[in-house]
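Trainee: entry32.cif is reproduced in full below (mmCIF, C-alpha atoms and all ligand atoms).
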data_query
#
loop_
_atom_site.label_atom_id
_atom_site.label_comp_id
_atom_site.auth_asym_id
_atom_site.auth_seq_id
_atom_site.Cartn_x
_atom_site.Cartn_y
_atom_site.Cartn_z
CA MET V 262 82.25 105.88 0.68
CA LEU V 263 83.80 106.12 4.13
CA THR V 264 84.32 102.98 6.22
CA MET V 265 83.98 102.93 9.97
CA GLN V 266 87.77 102.72 10.18
CA ASP V 267 88.11 105.93 8.11
CA ILE V 268 85.68 107.72 10.38
CA LYS V 269 87.44 106.52 13.51
CA ASN V 270 90.80 107.65 12.08
CA HIS V 271 89.42 111.10 11.29
CA TYR V 272 88.20 111.49 14.87
CA TYR V 273 91.42 109.99 16.32
CA PHE V 274 89.22 107.35 17.89
CA THR V 275 91.60 104.68 19.22
CA ASP V 276 91.19 101.16 20.60
CA GLU V 277 91.84 102.73 23.97
CA ASP V 278 88.81 104.97 23.48
CA ALA V 279 86.76 101.88 22.62
CA GLU V 280 87.98 100.19 25.80
CA LEU V 281 87.18 103.24 27.92
CA LEU V 282 83.65 103.28 26.51
CA ARG V 283 83.24 99.58 27.17
CA SER V 284 84.31 100.15 30.75
CA LEU V 285 81.51 102.68 31.08
CA GLN V 286 78.77 100.24 30.07
CA PRO V 287 77.63 99.36 33.65
CA VAL V 288 77.40 103.04 34.62
CA ALA V 289 75.58 103.88 31.38
CA ASP V 290 73.10 101.04 31.82
CA ALA V 291 72.40 102.14 35.36
CA ASN V 292 71.60 105.62 34.03
CA MET V 293 69.85 104.86 30.74
CA ASP V 294 66.31 105.03 32.12
CA ARG V 295 67.00 108.44 33.59
CA MET V 296 68.53 109.49 30.28
CA ALA V 297 65.43 108.33 28.38
CA ASP V 298 63.14 110.15 30.81
CA GLU V 299 65.07 113.40 30.49
CA PHE V 300 65.24 113.02 26.71
CA TYR V 301 61.48 112.58 26.49
CA ASP V 302 60.61 115.30 28.98
CA TYR V 303 62.59 117.58 26.77
CA LEU V 304 61.08 116.36 23.47
CA LEU V 305 57.55 116.59 24.90
CA GLY V 306 58.27 120.19 25.90
CA ILE V 307 58.93 121.24 22.30
CA PRO V 308 55.74 121.33 20.16
CA GLU V 309 57.56 120.33 16.95
CA THR V 310 59.01 117.16 18.51
CA ALA V 311 56.02 116.42 20.75
CA THR V 312 53.89 115.83 17.61
CA TYR V 313 56.02 112.75 16.86
CA ILE V 314 55.00 111.14 20.11
CA LYS V 315 51.47 110.12 19.22
CA ASP V 316 50.31 108.10 22.21
CA GLU V 317 51.44 106.40 25.40
CA ASN V 318 52.26 103.10 23.66
CA PHE V 319 54.33 104.78 20.99
CA LEU V 320 56.07 106.83 23.67
CA LEU V 321 57.10 103.65 25.51
CA LYS V 322 58.30 102.05 22.29
CA LEU V 323 60.31 105.10 21.27
CA LYS V 324 61.70 105.50 24.75
CA LYS V 325 63.01 101.95 24.62
CA THR V 326 64.48 102.58 21.15
CA HIS V 327 66.29 105.69 22.25
CA ARG V 328 67.37 104.07 25.53
CA ASP V 329 68.83 101.03 23.73
CA TRP V 330 70.68 103.35 21.40
CA PHE V 331 72.20 105.11 24.41
CA SER V 332 73.32 101.80 25.83
CA SER V 333 74.84 100.80 22.46
CA LEU V 334 77.17 103.77 22.66
CA PHE V 335 79.14 101.81 25.23
CA THR V 336 79.45 98.32 23.68
CA GLY V 337 83.09 98.88 22.76
CA THR V 338 82.59 97.44 19.25
CA TYR V 339 82.43 100.04 16.52
CA ASP V 340 82.74 98.27 13.18
CA ASN V 341 81.04 98.59 9.80
CA GLN V 342 77.99 96.86 11.24
CA TYR V 343 77.77 99.73 13.72
CA LEU V 344 78.11 102.20 10.84
CA ASN V 345 75.21 100.51 9.00
CA THR V 346 73.05 100.68 12.08
CA LEU V 347 73.72 104.39 12.51
CA GLN V 348 72.96 105.01 8.84
CA ARG V 349 69.66 103.16 9.26
CA ILE V 350 68.85 105.27 12.33
CA GLY V 351 69.62 108.43 10.35
CA SER V 352 67.34 107.41 7.50
CA ALA V 353 64.55 106.52 9.98
CA HIS V 354 64.49 110.17 11.08
CA VAL V 355 64.65 111.47 7.52
CA ARG V 356 61.76 109.12 6.66
CA VAL V 357 59.51 110.43 9.45
CA GLY V 358 60.36 113.98 8.34
CA LEU V 359 62.09 115.04 11.55
CA ASN V 360 64.01 118.28 11.07
CA ALA V 361 67.77 117.61 11.33
CA HIS V 362 67.92 120.47 13.80
CA PHE V 363 66.17 118.31 16.41
CA VAL V 364 68.66 115.49 16.00
CA ASN V 365 71.37 118.02 16.83
CA VAL V 366 69.32 119.23 19.78
CA GLY V 367 68.83 115.63 20.97
CA MET V 368 72.52 114.92 20.69
CA ASN V 369 73.34 118.04 22.69
CA LEU V 370 71.06 116.77 25.39
CA VAL V 371 72.78 113.39 25.40
CA ARG V 372 76.20 115.02 25.57
CA HIS V 373 75.13 117.11 28.52
CA PHE V 374 73.69 114.04 30.25
CA VAL V 375 76.90 112.04 29.74
CA VAL V 376 79.07 114.84 31.11
CA GLU V 377 76.89 115.03 34.21
CA MET V 378 76.96 111.24 34.54
CA LEU V 379 80.77 111.23 34.50
CA GLN V 380 80.87 114.08 36.97
CA GLU V 381 78.73 112.11 39.40
CA ASN V 382 80.58 108.82 39.06
CA PHE V 383 84.26 109.62 38.52
CA PRO V 384 85.88 111.95 41.01
CA GLY V 385 89.38 111.44 39.57
CA HIS V 386 90.10 114.34 37.26
CA GLU V 387 92.46 112.57 34.83
CA GLU V 388 90.30 109.46 34.49
CA ARG V 389 87.20 111.58 33.93
CA ARG V 390 89.00 113.65 31.30
CA ARG V 391 89.93 110.54 29.30
CA LEU V 392 86.46 109.05 29.64
CA ARG V 393 84.91 112.30 28.60
CA ALA V 394 87.15 112.57 25.52
CA ALA V 395 86.10 109.07 24.42
CA CYS V 396 82.40 109.84 25.01
CA GLU V 397 82.61 113.12 23.08
CA LYS V 398 84.17 111.30 20.13
CA ILE V 399 81.55 108.57 19.91
CA ILE V 400 78.72 111.09 20.30
CA ASP V 401 80.17 113.24 17.52
CA ILE V 402 80.66 110.18 15.32
CA ASN V 403 77.00 109.25 15.86
CA LEU V 404 75.82 112.75 14.99
CA ASP V 405 78.10 112.84 11.96
CA ILE V 406 76.72 109.60 10.49
CA MET V 407 73.12 110.47 11.27
CA SER V 408 73.48 113.95 9.71
CA ALA V 409 75.00 112.40 6.59
CA SER V 410 71.66 110.66 5.96
CA TYR V 411 70.00 114.06 5.78
CA GLN V 412 72.61 115.38 3.37
CA GLN V 413 72.31 112.31 1.16
CA GLU V 414 68.55 112.68 1.13
CA GLU V 415 68.91 116.34 0.10
CA LEU V 416 71.34 115.38 -2.65
CA LYS V 417 68.97 112.70 -3.92
CA LYS V 418 66.12 115.22 -4.03
CA PHE V 419 68.37 117.74 -5.76
CA PHE V 420 69.53 115.29 -8.40
CA LEU V 421 66.06 113.90 -8.97
CA SER V 422 64.53 117.33 -9.48
CA ARG V 423 67.45 118.49 -11.61
CA ARG V 424 67.18 115.39 -13.80
CA LEU V 425 63.44 115.73 -14.08
CA GLU V 426 63.74 119.43 -14.82
CA SER V 427 66.29 119.01 -17.58
CA GLN V 428 64.29 116.18 -19.15
CA LEU V 429 61.16 118.34 -19.08
CA ILE V 430 63.01 121.26 -20.62
CA LYS V 431 64.48 119.00 -23.32
CA ALA V 432 61.06 117.52 -24.14
CA THR V 433 59.46 120.97 -24.30
CA GLU V 434 62.26 122.27 -26.49
CA ARG V 435 61.84 119.35 -28.89
CA PHE V 436 58.11 119.95 -28.97
CA THR V 437 58.39 123.68 -29.76
CA HIS V 438 61.12 122.92 -32.29
CA GLY V 439 58.68 120.52 -33.97
CA LEU V 440 55.93 123.15 -33.90
CA ASN V 441 58.25 125.71 -35.45
CA LEU V 442 59.14 123.25 -38.20
CA VAL V 443 55.44 122.76 -38.93
CA LEU V 444 55.02 126.53 -39.01
CA VAL V 445 57.88 126.96 -41.50
CA LEU V 446 56.45 124.22 -43.71
CA ALA V 447 52.99 125.82 -43.55
CA LEU V 448 54.48 129.19 -44.40
CA ALA V 449 56.32 127.67 -47.36
CA GLY V 450 53.04 126.14 -48.58
CA LEU V 451 51.22 129.46 -48.12
CA SER V 452 53.97 131.33 -49.97
CA LEU V 453 53.44 129.02 -52.93
CA SER V 454 49.73 129.93 -52.86
CA VAL V 455 50.70 133.62 -52.82
CA VAL V 456 52.83 132.98 -55.90
CA GLY V 457 49.70 131.40 -57.44
CA LEU V 458 47.70 134.49 -56.43
CA PHE V 459 50.30 136.70 -58.07
CA VAL V 460 50.09 134.71 -61.31
CA TRP V 461 46.30 134.91 -61.18
CA ASP V 462 46.48 138.71 -60.64
CA ILE V 463 48.80 139.05 -63.65
CA GLY V 464 46.18 137.10 -65.58
CA HIS V 465 43.79 140.03 -65.06
CA ILE V 466 46.17 142.28 -66.99
CA PHE V 467 46.00 140.01 -70.01
CA GLN V 468 42.23 139.83 -69.72
CA GLY V 469 42.20 143.59 -70.27
CA ASN V 470 41.57 144.55 -66.64
CA VAL V 471 44.95 146.29 -66.40
CA GLU V 472 44.34 148.52 -63.39
CA LYS V 473 42.92 145.74 -61.22
CA GLY V 474 45.63 143.32 -62.37
CA ILE V 475 48.52 145.64 -61.57
CA LEU V 476 47.22 146.76 -58.20
CA SER V 477 46.31 143.32 -56.93
CA ALA V 478 49.57 141.85 -58.29
CA LEU V 479 51.40 144.54 -56.38
CA GLY V 480 49.46 143.59 -53.26
CA SER V 481 50.34 139.91 -53.76
CA LEU V 482 54.01 140.78 -54.16
CA LEU V 483 53.91 142.75 -50.94
CA ILE V 484 52.43 139.75 -49.17
CA LEU V 485 55.05 137.47 -50.68
CA TRP V 486 57.77 139.79 -49.50
CA MET V 487 56.41 139.75 -45.95
CA MET V 488 56.03 135.96 -46.10
CA ILE V 489 59.72 135.69 -46.94
CA GLU V 490 60.58 137.89 -43.97
CA LEU V 491 58.34 135.79 -41.78
CA MET V 492 59.94 132.54 -42.93
CA GLU V 493 63.42 133.92 -42.42
CA ASN V 494 62.43 134.87 -38.91
CA GLU V 495 61.06 131.39 -38.29
CA VAL V 496 64.27 129.79 -39.57
CA LYS V 497 66.19 132.07 -37.20
CA ILE V 498 64.03 130.85 -34.34
CA LEU V 499 64.74 127.25 -35.37
CA LYS V 500 68.43 128.08 -35.16
CA GLY V 501 67.92 129.44 -31.64
CA GLY V 502 67.03 133.08 -32.31
CA ARG V 503 64.34 135.23 -30.71
CA PHE V 504 60.73 135.38 -31.81
CA ASN V 505 59.80 138.70 -33.41
CA ILE V 506 56.09 139.49 -33.45
CA LEU V 507 56.73 142.50 -35.69
CA PHE V 508 56.86 140.29 -38.78
CA PHE V 509 53.41 138.88 -38.08
CA ILE V 510 51.96 142.37 -37.70
CA GLY V 511 53.78 143.34 -40.90
CA VAL V 512 52.11 140.53 -42.86
CA ILE V 513 48.67 141.56 -41.61
CA ILE V 514 49.36 145.20 -42.55
CA VAL V 515 50.44 144.22 -46.03
CA ALA V 516 47.38 142.00 -46.44
CA MET V 517 45.23 144.97 -45.36
CA ILE V 518 46.93 147.24 -47.88
CA ARG V 519 46.19 144.74 -50.63
CA GLU V 520 42.59 144.52 -49.48
CA ILE V 521 42.25 148.32 -49.57
CA LEU V 522 43.72 148.44 -53.08
CA ILE V 523 41.19 145.89 -54.27
CA SER V 524 38.37 147.48 -52.31
CA THR V 525 38.85 150.83 -54.05
CA LEU V 526 38.87 149.09 -57.41
CA ARG V 527 35.67 147.22 -56.52
CA HIS V 528 34.08 150.55 -55.57
CA ASP V 529 33.03 149.09 -52.22
CA PRO V 530 30.73 151.24 -50.05
CA LEU V 531 32.48 154.03 -48.21
CA THR V 532 31.76 152.39 -44.83
CA THR V 533 33.69 149.25 -45.86
CA GLN V 534 36.61 151.33 -47.08
CA ALA V 535 36.55 153.45 -43.92
CA PHE V 536 36.52 150.28 -41.84
CA LEU V 537 39.55 148.91 -43.70
CA ALA V 538 41.41 152.22 -43.43
CA GLY V 539 40.60 152.40 -39.70
CA THR V 540 41.90 148.88 -39.16
CA LEU V 541 45.05 149.71 -41.08
CA LEU V 542 45.57 152.79 -38.94
CA ILE V 543 45.25 150.75 -35.74
CA LEU V 544 47.63 148.11 -37.09
CA GLY V 545 50.06 150.88 -38.03
CA VAL V 546 49.96 152.24 -34.47
CA VAL V 547 50.47 148.72 -33.06
CA TYR V 548 53.41 148.17 -35.41
CA PHE V 549 54.93 151.47 -34.35
CA LEU V 550 54.51 150.74 -30.65
CA VAL V 551 55.91 147.21 -30.90
CA SER V 552 58.92 148.31 -32.92
CA LYS V 553 59.50 151.13 -30.42
CA SER V 554 59.37 148.73 -27.48
CA GLN V 555 61.87 146.46 -29.21
CA GLN V 556 64.37 149.18 -29.95
CA PRO V 557 66.45 148.86 -26.77
CA TYR V 558 66.95 145.13 -27.46
CA THR V 559 67.71 145.17 -31.17
CA SER V 560 71.08 146.36 -32.26
CA HIS V 561 71.38 147.87 -35.68
C1 LIG W 601 70.24 111.99 19.83
C2 LIG W 601 69.50 111.93 18.77
C3 LIG W 601 68.69 110.74 18.41
C4 LIG W 601 69.05 109.42 18.34
C5 LIG W 601 70.41 108.85 18.59
C6 LIG W 601 67.90 108.66 17.96
C7 LIG W 601 67.86 107.30 17.79
C8 LIG W 601 66.83 106.61 17.22
C9 LIG W 601 66.81 105.22 16.89
C10 LIG W 601 67.91 104.24 17.23
C11 LIG W 601 65.66 104.93 16.27
C12 LIG W 601 65.20 103.57 15.68
C13 LIG W 601 65.51 103.60 14.20
C14 LIG W 601 65.16 102.32 13.48
O1 LIG W 601 64.02 102.18 13.04
O2 LIG W 601 66.07 101.49 13.35
C15 LIG W 601 64.90 106.14 16.24
C16 LIG W 601 63.65 106.25 15.71
C17 LIG W 601 62.87 107.36 15.89
N1 LIG W 601 63.24 108.55 16.45
FE1 LIG W 601 65.02 109.03 17.15
N2 LIG W 601 66.86 109.54 17.80
C18 LIG W 601 67.30 110.79 18.09
C19 LIG W 601 66.57 111.94 18.09
C20 LIG W 601 65.22 111.97 17.89
C21 LIG W 601 64.43 113.13 18.09
C22 LIG W 601 64.93 114.51 18.55
C23 LIG W 601 63.16 112.77 17.79
C24 LIG W 601 61.99 113.69 17.86
C25 LIG W 601 60.82 113.34 18.22
C26 LIG W 601 63.18 111.39 17.39
C27 LIG W 601 62.10 110.64 16.95
C28 LIG W 601 62.15 109.38 16.45
C29 LIG W 601 61.03 108.69 15.84
C30 LIG W 601 59.64 109.26 15.64
C31 LIG W 601 61.49 107.43 15.48
C32 LIG W 601 60.67 106.31 14.85
C33 LIG W 601 60.91 106.27 13.37
C34 LIG W 601 60.05 105.19 12.72
O3 LIG W 601 58.87 105.10 13.07
O4 LIG W 601 60.58 104.48 11.89
N3 LIG W 601 64.45 110.93 17.48
N4 LIG W 601 65.62 107.15 16.80
#
Show this structure as structure tokens.

Mentor:
Amino acid sequence: MLTMQDIKNHYYFTDEDAELLRSLQPVADANMDRMADEFYDYLLGIPETATYIKDENFLLKLKKTHRDWFSSLFTGTYDNQYLNTLQRIGSAHVRVGLNAHFVNVGMNLVRHFVVEMLQENFPGHEERRRLRAACEKIIDINLDIMSASYQQEELKKFFLSRRLESQLIKATERFTHGLNLVLVLALAGLSLSVVGLFVWDIGHIFQGNVEKGILSALGSLLILWMMIELMENEVKILKGGRFNILFFIGVIIVAMIREILISTLRHDPLTTQAFLAGTLLILGVVYFLVSKSQQPYTSH
């Protein structure tokens, strides 16, 4: 954090400069009303700044504020108290949402006014040069401190949104991680049921229904195999991998194949079998298209 002394050092602002400014106070005070008038004529001429001047009363109040500030440029005392005041002024503009550009514009106007004021009142070239140098420094110091308020405000916004963003991302990541865990657990539970289904299908063989037993057991094994693939994929996702929809389509295809096997054994009506075969065909096409679209991304 810079102190007023640091700032003065950086601008080579000396005690002599402070004295020169103090010596200007009477001239500045004699001109401050004219300065305020010119400042406000200018601000009222720009639509973006004119909107800040709501009514006559507010105009008078603001005019006084800006006029007093002008006078305070020439007090000759520029300590940390002065720094605090300038920081407060800077934040006041940030608070009302005034574009920093207009503070620069305003300061340019003030600079121009001061140069003219010196021109009118100090014919001696050397004296005017020194006075002007001191005025330029204090005007630049004012602009510097007021602009810093804008930068600090931007930084605050940046950090706040960055913090919020990363917290949101973290929370969402935890949530999806939790969901994936639930999915893996559900898949594990379902796989156990498929094992049960397989055992039950084998049971058919021993009950004498060999053909049905073998075919449906084969179907169950296919499903189990796909479930394993699916779970492996899920575990990969939990470890930070990419989601692969192909496995889900695969499981559905295998389940359809099993259904068709059983359907033929049950001697279902032809329409049912045709429906199942049609669905399988569509799923096959979808599987093909998805795997094709993934090819550029997956390395083998
Ligand atoms: C040379 C540049 C400027 C200086 C040095 C300056 C100075 C000041 C000061 C000393 C205050 C009082 C702050 C406080 O509450 O303590 C103030 C407030 C204000 N200034 Fe400026 N100003 C400048 C440019 C502008 C410009 C270009 C506008 C445009 C309209 C503007 C609009 C305002 C407004 C609306 C407030 C009142 C803020 C509030 O209601 O709290 N100022 N300014």

Trainee: Can you tell me how far CA of Val512 in chain V sits from CA of Asn494 in chain V, in Å to one decimal?

Mentor: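 Between CA of Val512 in chain V and CA of Asn494 in chain V the gap works out to 12.4 Å.
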
Trainee: Quick one: distance from CA of His528 in chain V to CA of Ser454 in chain V in Å, one decimal?

Mentor: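 So the two atoms, CA of His528 in chain V and CA of Ser454 in chain V, lie 26.0 Å apart.
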
Trainee: Using only C-alpha atoms and all ligand atoms, which of the listed residues (V:Ala297, V:Ala291, V:Asp316, V:Asn403) sits closest to ligand LIG 601 (chain W)?

Mentor: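 Selected residue with least distance to ligand LIG 601 (chain W): V:Asn403.
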
Trainee: Using all atoms listed in the file, what are the residues with an atom within 9 Å of ligand LIG 601 (chain W), set out as a count of residues only?

Mentor: 52

Trainee: Figure out the distance between CA of Met488 in chain V and CA of Val455 in chain V, please, to one decimal in Å.

Mentor: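 These atoms are spaced 8.9 Å apart.
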
Trainee: When you count only C-alpha atoms, which of these residues is closest to Val456 in chain V: V:Pro384, V:Gly480, V:Gly306, V:Gly511?

Mentor: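 Closest residue, counting only C-alpha atoms: V:Gly480.
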
Trainee: My list of candidates is V:Thr264, V:Leu476, V:Gln412, V:His465. Which is closest to Gln342 in chain V when distances are computed with only C-alpha atoms?

Mentor: V:Thr264

Trainee: Let me have the centre and edge lengths of the axis-aligned box enclosing all listed atoms of range 452-461 of chain V with 3 Å padding on every side, in Å to one decimal, as lines of an AutoDock Vina configuration file.

Mentor:
center_x = 50.1
center_y = 132.9
center_z = -55.6
size_x = 13.7
size_y = 13.7
size_z = 17.3

Trainee: Identify, on the basis of all atoms listed in the file, every residue whose closest approach to Thr336 in chain V does not exceed 10 Å; exclude the query and any residue fewer than 6 positions from it along the same chain; express the result as number ranges by chain.

Mentor: V: 279-280, 282-286

Trainee: Nearest to Ile543 in chain V among V:Met517, V:Leu531, V:Leu522, V:Leu379, with distances taken over all atoms listed in the file: which residue is it?

Mentor: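 For Ile543 in chain V, the nearest of the candidates is V:Met517.
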
Trainee: So, counting all atoms listed in the file, which residue among V:Phe374, V:Phe509, V:Phe459, V:Phe335 is closest to Arg295 in chain V?

Mentor: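 For Arg295 in chain V, the nearest of the candidates is V:Phe374.
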
Trainee: With distances taken over all atoms listed in the file, which of V:Ile498, V:Met487, V:Leu482, V:Val471 is nearest to Leu458 in chain V?

Mentor: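 Counting all atoms listed in the file, the residue closest to Leu458 in chain V is V:Leu482.
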